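Asker: Quick one: structure below, then a few questions.
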Amino acid sequence: MLARVSKPARYIGMEGGAQRPEHAPHKVAWLLAYPDTYEIGLPNQGLQILYEILNERPDAVAERTYAPWYDLEELLREHEIGLFSVDTHRAASDFDLIGFNLSAELTYTNLLNMVDLAGVPVRSADRRADHPLIAAGGHCTYNPEPLADFLDLVVLGDGEEVVAEITEVVGEWKADARRRGDRTSVLHALAGISGVYVPSLHRPRYDGSTFLGLEPIVAQAPALVEKRTIADLAEFPYPRNQLVPLTEVVHDRLNVEVFRGCTRGCRFCQAGMITRPVRERPAEQVRSMVADGLRRTGYDEVSLTSLSTADYSGIEQLVADIVDADGDGPSITVALPSLRVDAFGVGIATQLQHARRAGLTFAPEAGTWRMRQVINKLIREEDLYSAVEAAFANGWRRVKLYFLTGLPTETDEDTLGIAELARNCIEIGRAHTRAPSVTVSVGGFVPKPFTPFQWFGQNTVEELQRKINLLRDATRRMHGVQVKWHDPKATLVEGIMSRGDRRIGDVLETVWRRGGTFQEWNERFDLPLWLDAMAEHGLDPDWFTHRHRTAEEVLPWDHLSAGLHKDFLWQDWRDALAEVGLPDCRWTPCYDCGACTGYSIEHIVASATPPAGGSQGTGQDLGSGWTPVQLRRPTSDVVSA
Amino acid sequence: MRIRIRYRKLGKVRFTSHRDMARCWERALRISRLPIATTEGFSPRPKMHFGLALSTSHESMGEYLDLDLRDPESLEVDLAELPGRLSAVLPDGVDIDAVAIIDRSEPSLQEAVTSCAWQIEVPGVTAEELRPAVDRVLSASALPIVRERKGKPVSDDLRPGIVHLEVLDADPDDLVSTGAVLSAELATQPRSVRPSELMAVFDPPLTEGRVRRIHQFIHVDGATREPLPPGAPAMVPTSVGAP
């Protein structure tokens, strides 16, 4: 059958580093699923980490699966074959749990499709005791309500520790002949694990048509479900054996996570809010993970991943060490995704130059200083220009700039500011190279739960398109500037999912039943399908996306917690509207957002000072005063309090 | 120093493409730390010269790759242990059968190979049913087909490209067959004939099941040899080897 589908290598497993799963009756069998194609899902680090951690346990076994492309899906349905694992081609329905990684809203219908292909009823209420438990983790689970009717359990936060607890609870249930036939018994027990949310054990309350929140219906389910956070990344040097696929995938290189969490405090950024605090991996561990990884995989490129890699303490030395360690072997590329312009100095530029050169991407996010104060991305125009100067002066010819449009308080002046920045970057480039190129990439802003912008009414499709056109027209005559944008129609659907409530579940099911899968793929995205389904279920896209929320409104995710105090987020929202910035708490005093204090954890960073160069956006005297920083490895260049 | 490698590609790994395999080789060579010569310039690439592409989902008993090793480090490479060393870091199902030094003046694999032998499983028919159809194909004076070349349809005669064609009496042990099995030798020059094109000239057209390349042949001056016989002693130049 695989000989008849496109790119069959996506379904055969056999990757370098693949585990050899050994099933046994006493083991809890996990099928880790990514609701998008293999090419997109395979590199997912979260999934790979859990794959290893689970397979290391004597009481668990884990395999993987990805969304079959629709040509294979057609064949599977025609021959009545179910979803299978790529590792051993085992039927998905034979697993105890199917755990989905949810990273993007437009993949939700793929999740329904995969559950259905597995031969499992899509609604959790229709499942029997012998059906796999359908679980989800990942950033989108901070508002899982649109999927509440389809998921048996949802995990909030870091998965490294909680998967062990889930395994134990499910294992005990399986082993207990009296409870095994009773699905509610295992769900009750799972609800008692910190970080686990069982949607069916919470019931929405309404006063007329006003939503009053979700309340637990059994004693085991907590009124507020807290996220899980691992205290120290150094205890989890995973993946130890990163998967090396036989066929080409995105991010096809060695990836080493150098820190988790980010406290720069960009107000649009959900990742930066929900993954606090900053936990750096010790440099020594990074170096050995890179060296071992390159030796084992045969990759010639390594990416140092995090939410803002240039903020890693001693990043310049680290990059230098990696390049040096490679010695006289084949030259390697060091990629630094998510570079902040104020932390990208000449030092890093020259270090990277010794390695082979990957593209450079900066994310100023907004076109004017005023706008950047609103979103708390406090980088000055000079910071951007010096970063771009460093890049062009060190031999780069192409620079990519990321922006958001549709931000709170955004005016046309802010939009046109993007064009102005691009023009100036090209001018800087001309001094160093004959044909500098600047690609401006624009995404429509989607307000996310657990951010200060969760109360903001998203821009309409028309408004976003108008702003994109404005920018396109303004850059039309700028030689060397290309503008790319994300489809505003897709942004609308993302917005509905991002802050939707349980009623959106019906819409998801309708869209899925009408063939609306792979909606994150441009050629498959179908806005009328979504709008029709919304209308049929009596739901107004306007109400869900474009409406500003008030302080009093109960939000669909208020029964979940990312550790952040709601009044902190509200204050930050007011500060945004007042164009007031907030410094990074890893280098300045704590402002008590709740993420550390609530869980008795703290930042782990090797240096108490921000990286050199640029304004760093703090506006603070960083050389004095108390900082809430745990010093991991005191060295001479650490300024301690 | 240039070496020629002969390898098999069997089992699930057949679903990888020619391009996928090239990337697997690149990584395997880096892991093995062989002193591969690289191209000059801004982004150096290892000097690897692949033979004829093998279609995705076809297996092979005889694939070839030529590699340039850096001198003088190449002299320290133990060619006898190279098959084991490389097989260990290549995907399961890719195994090295022979390695030999070749002269740099040897024509490239793509130029040298003149035909390939194939075993093609034809599901849903018996050997007896298939034999008359094979006779009709072989007795045809011309087998016109339409190919697409540079986006334009071009008509071509497939018959000269069919060097040999027969129905095998029994299933070969290593092909799990659900039907008859064709043994075919198809020319690769001046134009390569693909197994799928052969299937299409039957009337009615045959469905291609499992396909395996068995040999690649070099016909020169009436003699036939392989680019490298399986199990060729590591240090014997191929020009000495007989088929």
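Simple scheme: letters A, B, ... for chains in structure tokens order, numbers from 1 for residues in each chain, numbers from 1 for ligands in the order shown.
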If we count only C-alpha atoms, what is near Pro123 (chain B) at a cut-off of 6 Å, once residues fewer than 6 positions away on the same chain are taken out, given as a list in words?

Answerer: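 Neighbouring residues, sequence-local ones excluded: Thr178, Gly179 and Gly209 of chain B.
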
Asker: Can you build me a table of chain A residues sitting at most 7 Å from chain B, with the closest atom pair per residue and its distance in Å to one decimal, using only C-alpha atoms, sorted by chain and residue number, as a Markdown table?

Answerer:
| residue | atom | partner | partner_atom | distance |
| --- | --- | --- | --- | --- |
| A:Ala3 | CA | B:Ser57 | CA | 5.6 |
| A:Pro8 | CA | B:Phe15 | CA | 5.5 |
| A:Ala9 | CA | B:Phe15 | CA | 4.9 |
| A:Ile12 | CA | B:Lys12 | CA | 6.5 |
| A:Leu246 | CA | B:Asp20 | CA | 6.1 |
| A:Thr247 | CA | B:Asp20 | CA | 5.1 |
| A:Glu248 | CA | B:Asp20 | CA | 6.8 |
| A:Arg295 | CA | B:Ile31 | CA | 6.0 |
| A:Arg296 | CA | B:Ile31 | CA | 6.5 |
| A:Thr297 | CA | B:Ile31 | CA | 6.8 |
| A:Gly298 | CA | B:Arg27 | CA | 4.3 |
| A:Tyr299 | CA | B:Arg27 | CA | 6.1 |

Asker: Give me a file of those residues, with N, CA and C atoms, as a JSON list (two decimals), in the first residue's frame.

Answerer:
[["chain", "number", "residue", "atom", "x", "y", "z"],
["A", 3, "ALA", "N", 3.55, 1.75, -1.42],
["A", 3, "ALA", "CA", 4.12, 2.04, -2.74],
["A", 3, "ALA", "C", 3.20, 2.95, -3.54],
["A", 8, "PRO", "N", 6.41, 7.78, 0.81],
["A", 8, "PRO", "CA", 6.11, 6.70, 1.76],
["A", 8, "PRO", "C", 7.11, 6.59, 2.91],
["A", 9, "ALA", "N", 8.29, 7.20, 2.75],
["A", 9, "ALA", "CA", 9.28, 7.09, 3.82],
["A", 9, "ALA", "C", 8.79, 7.72, 5.12],
["A", 12, "ILE", "N", 7.55, 4.71, 7.69],
["A", 12, "ILE", "CA", 8.30, 3.48, 7.95],
["A", 12, "ILE", "C", 9.15, 3.54, 9.22],
["A", 246, "LEU", "N", 15.05, 9.33, 7.88],
["A", 246, "LEU", "CA", 15.62, 8.93, 6.59],
["A", 246, "LEU", "C", 15.20, 9.89, 5.50],
["A", 247, "THR", "N", 14.07, 10.56, 5.71],
["A", 247, "THR", "CA", 13.57, 11.47, 4.68],
["A", 247, "THR", "C", 13.61, 12.89, 5.23],
["A", 248, "GLU", "N", 13.53, 13.86, 4.34],
["A", 248, "GLU", "CA", 13.73, 15.24, 4.74],
["A", 248, "GLU", "C", 12.56, 15.77, 5.57],
["A", 295, "ARG", "N", 28.47, 13.66, 16.65],
["A", 295, "ARG", "CA", 29.22, 12.44, 16.39],
["A", 295, "ARG", "C", 28.26, 11.29, 16.04],
["A", 296, "ARG", "N", 27.14, 11.23, 16.77],
["A", 296, "ARG", "CA", 26.23, 10.11, 16.61],
["A", 296, "ARG", "C", 25.34, 10.23, 15.37],
["A", 297, "THR", "N", 24.90, 11.47, 15.07],
["A", 297, "THR", "CA", 23.89, 11.63, 14.01],
["A", 297, "THR", "C", 24.48, 11.85, 12.63],
["A", 298, "GLY", "N", 25.69, 12.38, 12.57],
["A", 298, "GLY", "CA", 26.25, 12.70, 11.26],
["A", 298, "GLY", "C", 25.73, 14.03, 10.71],
["A", 299, "TYR", "N", 24.94, 14.74, 11.52],
["A", 299, "TYR", "CA", 24.50, 16.07, 11.07],
["A", 299, "TYR", "C", 25.70, 17.01, 11.01]]

Asker: So that I can check the surroundings of Ala431 (chain A), please list as an NGL selection string every protein, DNA and RNA residue that reaches within 12 Å of it, counting only C-alpha atoms and ignoring chain neighbours fewer than 3 positions away.

Answerer: :A and (388-395 or 397 or 424-428 or 434-436)

Asker: Where does region 515-564 of chain A meet region 70-74 of chain A within 10 Å, residue by residue, with the nearest atom pair and distance in Å to one decimal for each, counting only C-alpha atoms, listed by chain and rising number, as a tab-separated table?

Answerer:
residue	atom	partner	partner_atom	distance
A:Gly515	CA	A:Tyr70	CA	9.9
A:Thr517	CA	A:Tyr70	CA	8.6
A:Phe518	CA	A:Tyr70	CA	8.8

Asker: Running DSSP on the backbone, which parts of region 66-221 of chain B land in helix (DSSP H, G or I), as a ChimeraX atom specification?

Answerer: /B:73-76,79-89,109-112,127-139,159-161,195-201

Asker: With only C-alpha atoms as the counted atoms, please give the residues lying no more than 10 Å from region 78-91 of chain A, apart from itself and same-chain residues fewer than 4 positions off, as a PDB file with C-alpha atoms, in the first residue's frame.

Answerer:
ATOM      1  CA  MET A   1       0.000   0.000   0.000  1.00  0.00           C
ATOM      2  CA  ALA A   9       9.283   7.087   3.822  1.00  0.00           C
ATOM      3  CA  ARG A  10       7.160   9.099   6.261  1.00  0.00           C
ATOM      4  CA  TYR A  11       5.460   5.939   7.449  1.00  0.00           C
ATOM      5  CA  ILE A  12       8.301   3.481   7.949  1.00  0.00           C
ATOM      6  CA  GLY A  13      10.042   4.734  11.095  1.00  0.00           C
ATOM      7  CA  MET A  14      13.642   3.344  11.078  1.00  0.00           C
ATOM      8  CA  GLU A  15      15.114   6.700  12.049  1.00  0.00           C
ATOM      9  CA  ALA A  18      14.549   5.130  17.052  1.00  0.00           C
ATOM     10  CA  GLN A  19      13.719   3.018  20.086  1.00  0.00           C
ATOM     11  CA  ARG A  20      12.963  -0.680  19.901  1.00  0.00           C
ATOM     12  CA  PRO A  21       9.716  -0.790  21.802  1.00  0.00           C
ATOM     13  CA  GLU A  22       8.961  -4.014  23.645  1.00  0.00           C
ATOM     14  CA  LEU A  31       1.328   6.269  21.330  1.00  0.00           C
ATOM     15  CA  LEU A  32       2.810   9.754  21.007  1.00  0.00           C
ATOM     16  CA  ALA A  33       1.032  11.560  18.222  1.00  0.00           C
ATOM     17  CA  TYR A  38       5.673  13.535   9.635  1.00  0.00           C
ATOM     18  CA  ALA A  62       6.172   4.438  23.714  1.00  0.00           C
ATOM     19  CA  GLU A  63       5.821   4.604  19.960  1.00  0.00           C
ATOM     20  CA  ARG A  64       5.060   7.478  17.577  1.00  0.00           C
ATOM     21  CA  THR A  65       2.561   8.404  14.928  1.00  0.00           C
ATOM     22  CA  TYR A  66       1.873  11.404  12.703  1.00  0.00           C
ATOM     23  CA  ALA A  67      -1.095  12.497  10.627  1.00  0.00           C
ATOM     24  CA  PRO A  68      -1.253  10.389   7.468  1.00  0.00           C
ATOM     25  CA  LEU A  72      -2.832   7.394   2.592  1.00  0.00           C
ATOM     26  CA  GLU A  73      -5.907   8.223   4.654  1.00  0.00           C
ATOM     27  CA  GLU A  74      -8.073   7.402   1.642  1.00  0.00           C
ATOM     28  CA  PHE A  95      -2.284   1.390  22.949  1.00  0.00           C
ATOM     29  CA  ASN A 113      -9.395  12.689  12.324  1.00  0.00           C
ATOM     30  CA  MET A 114      -6.565  10.675  13.863  1.00  0.00           C
ATOM     31  CA  VAL A 115      -8.732   9.597  16.809  1.00  0.00           C
ATOM     32  CA  ASP A 116     -11.373   8.475  14.333  1.00  0.00           C
ATOM     33  CA  LEU A 117      -8.800   6.695  12.159  1.00  0.00           C
ATOM     34  CA  ALA A 118      -7.644   4.900  15.295  1.00  0.00           C
ATOM     35  CA  GLY A 119     -11.133   3.425  15.556  1.00  0.00           C
ATOM     36  CA  VAL A 120     -11.875   5.405  18.705  1.00  0.00           C
TER      37      VAL A 120
END

Asker: With distances taken over only C-alpha atoms, which residue among B:Ala184, B:His164, B:Met199, B:Arg4 lies nearest Glu106 (chain B)?

Answerer: B:Arg4

Asker: How many Å separate CA of Gly367 (chain A) from CA of Cys269 (chain A)?

Answerer: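 These two atoms are separated by 16.9 Å.
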
Asker: Write down as a PyMOL selection string the residues of region 35-189 of chain B whose backbone DSSP state falls under strand (DSSP E or B).

Answerer: chain B and resi 36+38+46+48-50+59-69+94-102+115-123+144-149+152-157+162-167+179-187

Asker: Please determine, counting only C-alpha atoms, which residue among A:Leu527, A:Glu257, A:Leu464, A:Trp455 has the shortest atom-to-atom distance to Lys566 (chain A).

Answerer: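 Among the listed residues, A:Trp455 lies closest to Lys566 (chain A).
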
Asker: I'd like to know which of B:Leu34, B:Leu54, B:Ala180, B:Gly84 is closest to Val122 (chain B), using only C-alpha atoms.

Answerer: B:Ala180

Asker: Distance CA of Arg472 (chain A)-CA of Ser441 (chain A), one decimal place?

Answerer: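 Taking CA of Arg472 (chain A) as the start and CA of Ser441 (chain A) as the end point, the length is 11.0 Å.
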
Asker: May I have the residues within 12 Å of Leu407 (chain A) as a ChimeraX atom specification, using only C-alpha atoms and disregarding those fewer than 2 positions away in the same chain?

Answerer: /A:267-269,365-368,370-376,403-405,409-412,414-415,442-447,453-454,456-460,463-464,467,576-577

Asker: Put those residues in a file: N, CA and C atoms, as a compact mmCIF listing (two decimals), in the first residue's frame.

Answerer:
# COMPACT_ATOMS: atom_id res chain seq x y z
N ARG A 267 4.52 41.00 25.53
CA ARG A 267 3.14 40.80 25.99
C ARG A 267 2.28 39.98 25.03
N PHE A 268 2.73 39.87 23.80
CA PHE A 268 1.96 39.07 22.83
C PHE A 268 2.33 37.61 22.92
N CYS A 269 3.43 37.30 23.62
CA CYS A 269 4.05 35.98 23.50
C CYS A 269 3.56 35.04 24.59
N GLU A 365 9.27 42.65 15.70
CA GLU A 365 7.83 42.48 15.96
C GLU A 365 6.97 43.69 15.64
N ALA A 366 7.51 44.91 15.82
CA ALA A 366 6.69 46.09 15.55
C ALA A 366 7.55 47.19 14.95
N GLY A 367 6.91 48.09 14.20
CA GLY A 367 7.63 49.06 13.38
C GLY A 367 8.05 50.34 14.08
N THR A 368 7.47 50.65 15.23
CA THR A 368 7.84 51.90 15.91
C THR A 368 8.14 51.64 17.39
N ARG A 370 7.06 53.31 19.89
CA ARG A 370 5.82 53.37 20.66
C ARG A 370 5.14 52.00 20.70
N MET A 371 5.04 51.41 19.53
CA MET A 371 4.38 50.10 19.42
C MET A 371 5.14 49.03 20.20
N ARG A 372 6.48 49.13 20.15
CA ARG A 372 7.28 48.14 20.86
C ARG A 372 7.19 48.32 22.37
N GLN A 373 6.89 49.54 22.82
CA GLN A 373 6.64 49.73 24.25
C GLN A 373 5.32 49.07 24.65
N VAL A 374 4.35 49.18 23.77
CA VAL A 374 3.05 48.56 24.06
C VAL A 374 3.20 47.05 24.21
N ILE A 375 3.98 46.46 23.33
CA ILE A 375 4.11 45.00 23.39
C ILE A 375 5.27 44.55 24.28
N ASN A 376 5.96 45.53 24.86
CA ASN A 376 7.09 45.27 25.75
C ASN A 376 8.23 44.54 25.05
N PHE A 403 7.58 40.46 11.87
CA PHE A 403 6.71 41.46 12.50
C PHE A 403 5.33 40.88 12.72
N LEU A 404 4.63 41.50 13.69
CA LEU A 404 3.22 41.20 13.90
C LEU A 404 2.42 42.41 13.47
N THR A 405 1.23 42.17 12.96
CA THR A 405 0.35 43.28 12.70
C THR A 405 -1.00 42.97 13.33
N THR A 409 -3.62 48.95 19.92
CA THR A 409 -3.36 50.40 19.70
C THR A 409 -2.62 50.68 18.40
N GLU A 410 -2.44 49.68 17.53
CA GLU A 410 -1.65 49.87 16.31
C GLU A 410 -2.31 50.89 15.37
N THR A 411 -1.49 51.81 14.86
CA THR A 411 -1.98 52.78 13.88
C THR A 411 -1.25 52.54 12.56
N ASP A 412 -1.68 53.23 11.52
CA ASP A 412 -1.01 53.08 10.23
C ASP A 412 0.43 53.57 10.29
N ASP A 414 2.41 52.97 12.70
CA ASP A 414 3.17 51.81 13.16
C ASP A 414 3.40 50.82 12.03
N THR A 415 2.37 50.63 11.22
CA THR A 415 2.49 49.69 10.09
C THR A 415 3.54 50.19 9.10
N VAL A 442 5.27 39.04 7.86
CA VAL A 442 4.26 39.66 8.71
C VAL A 442 3.19 38.64 9.08
N GLY A 443 2.94 38.52 10.35
CA GLY A 443 1.88 37.62 10.82
C GLY A 443 0.78 38.41 11.48
N GLY A 444 -0.45 37.98 11.31
CA GLY A 444 -1.56 38.63 11.99
C GLY A 444 -1.57 38.22 13.46
N PHE A 445 -1.77 39.19 14.34
CA PHE A 445 -1.68 38.91 15.76
C PHE A 445 -2.94 38.20 16.28
N VAL A 446 -2.72 37.08 16.98
CA VAL A 446 -3.80 36.33 17.62
C VAL A 446 -3.61 36.41 19.14
N PRO A 447 -4.53 37.05 19.88
CA PRO A 447 -4.39 37.12 21.33
C PRO A 447 -4.49 35.72 21.94
N PHE A 453 -2.49 40.28 26.74
CA PHE A 453 -3.37 40.64 25.62
C PHE A 453 -4.58 39.70 25.49
N GLN A 454 -4.79 38.87 26.51
CA GLN A 454 -5.93 37.95 26.42
C GLN A 454 -7.28 38.67 26.45
N PHE A 456 -7.75 41.47 24.66
CA PHE A 456 -7.78 42.34 23.48
C PHE A 456 -8.64 41.75 22.36
N GLY A 457 -9.41 42.62 21.69
CA GLY A 457 -10.21 42.20 20.53
C GLY A 457 -9.34 42.16 19.28
N GLN A 458 -9.21 40.97 18.72
CA GLN A 458 -8.36 40.76 17.55
C GLN A 458 -8.85 41.59 16.35
N ASN A 459 -7.93 42.00 15.50
CA ASN A 459 -8.30 42.72 14.26
C ASN A 459 -9.09 41.80 13.33
N THR A 460 -9.99 42.40 12.57
CA THR A 460 -10.76 41.61 11.59
C THR A 460 -9.88 41.24 10.40
N GLU A 463 -9.32 44.31 8.27
CA GLU A 463 -8.36 45.25 8.83
C GLU A 463 -6.92 44.73 8.66
N LEU A 464 -6.73 43.46 8.90
CA LEU A 464 -5.39 42.88 8.74
C LEU A 464 -4.95 42.98 7.28
N LYS A 467 -3.92 46.48 6.35
CA LYS A 467 -2.59 46.84 6.85
C LYS A 467 -1.49 46.16 6.02
N ALA A 576 0.44 48.20 29.17
CA ALA A 576 0.62 48.17 27.71
C ALA A 576 -0.12 49.34 27.08
N LEU A 577 -1.36 49.53 27.50
CA LEU A 577 -2.16 50.61 26.93
C LEU A 577 -1.57 51.97 27.29

Asker: Skip region 65-72 of chain B itself and residues of its chain fewer than 3 positions away, then list as a PyMOL selection string all residues within 12 Å of it, counting only C-alpha atoms.

Answerer: chain B and resi 1-8+18+21-22+25-26+29+33-39+45-53+62+75-77+79+96-104+106-110+227-228

Asker: For a quick check of understanding, using only C-alpha atoms, which of B:Val220, B:Leu186, B:Leu198, B:Val193 has the smallest distance to Trp118 (chain B)?

Answerer: B:Leu186

Asker: Expressed in Å to a single decimal, how great is the separation between CA of Val163 (chain A) and CA of Val225 (chain A)?

Answerer: 16.1 Å

Asker: List as an MDAnalysis selection string the protein and nucleic acid residues near Glu536 (chain A), meaning an atom at most 12 Å away when only C-alpha atoms are counted, but skip any in the same chain fewer than 6 places from it.

Answerer: chainID A and resid 503:504 506:508 510:511 528:530
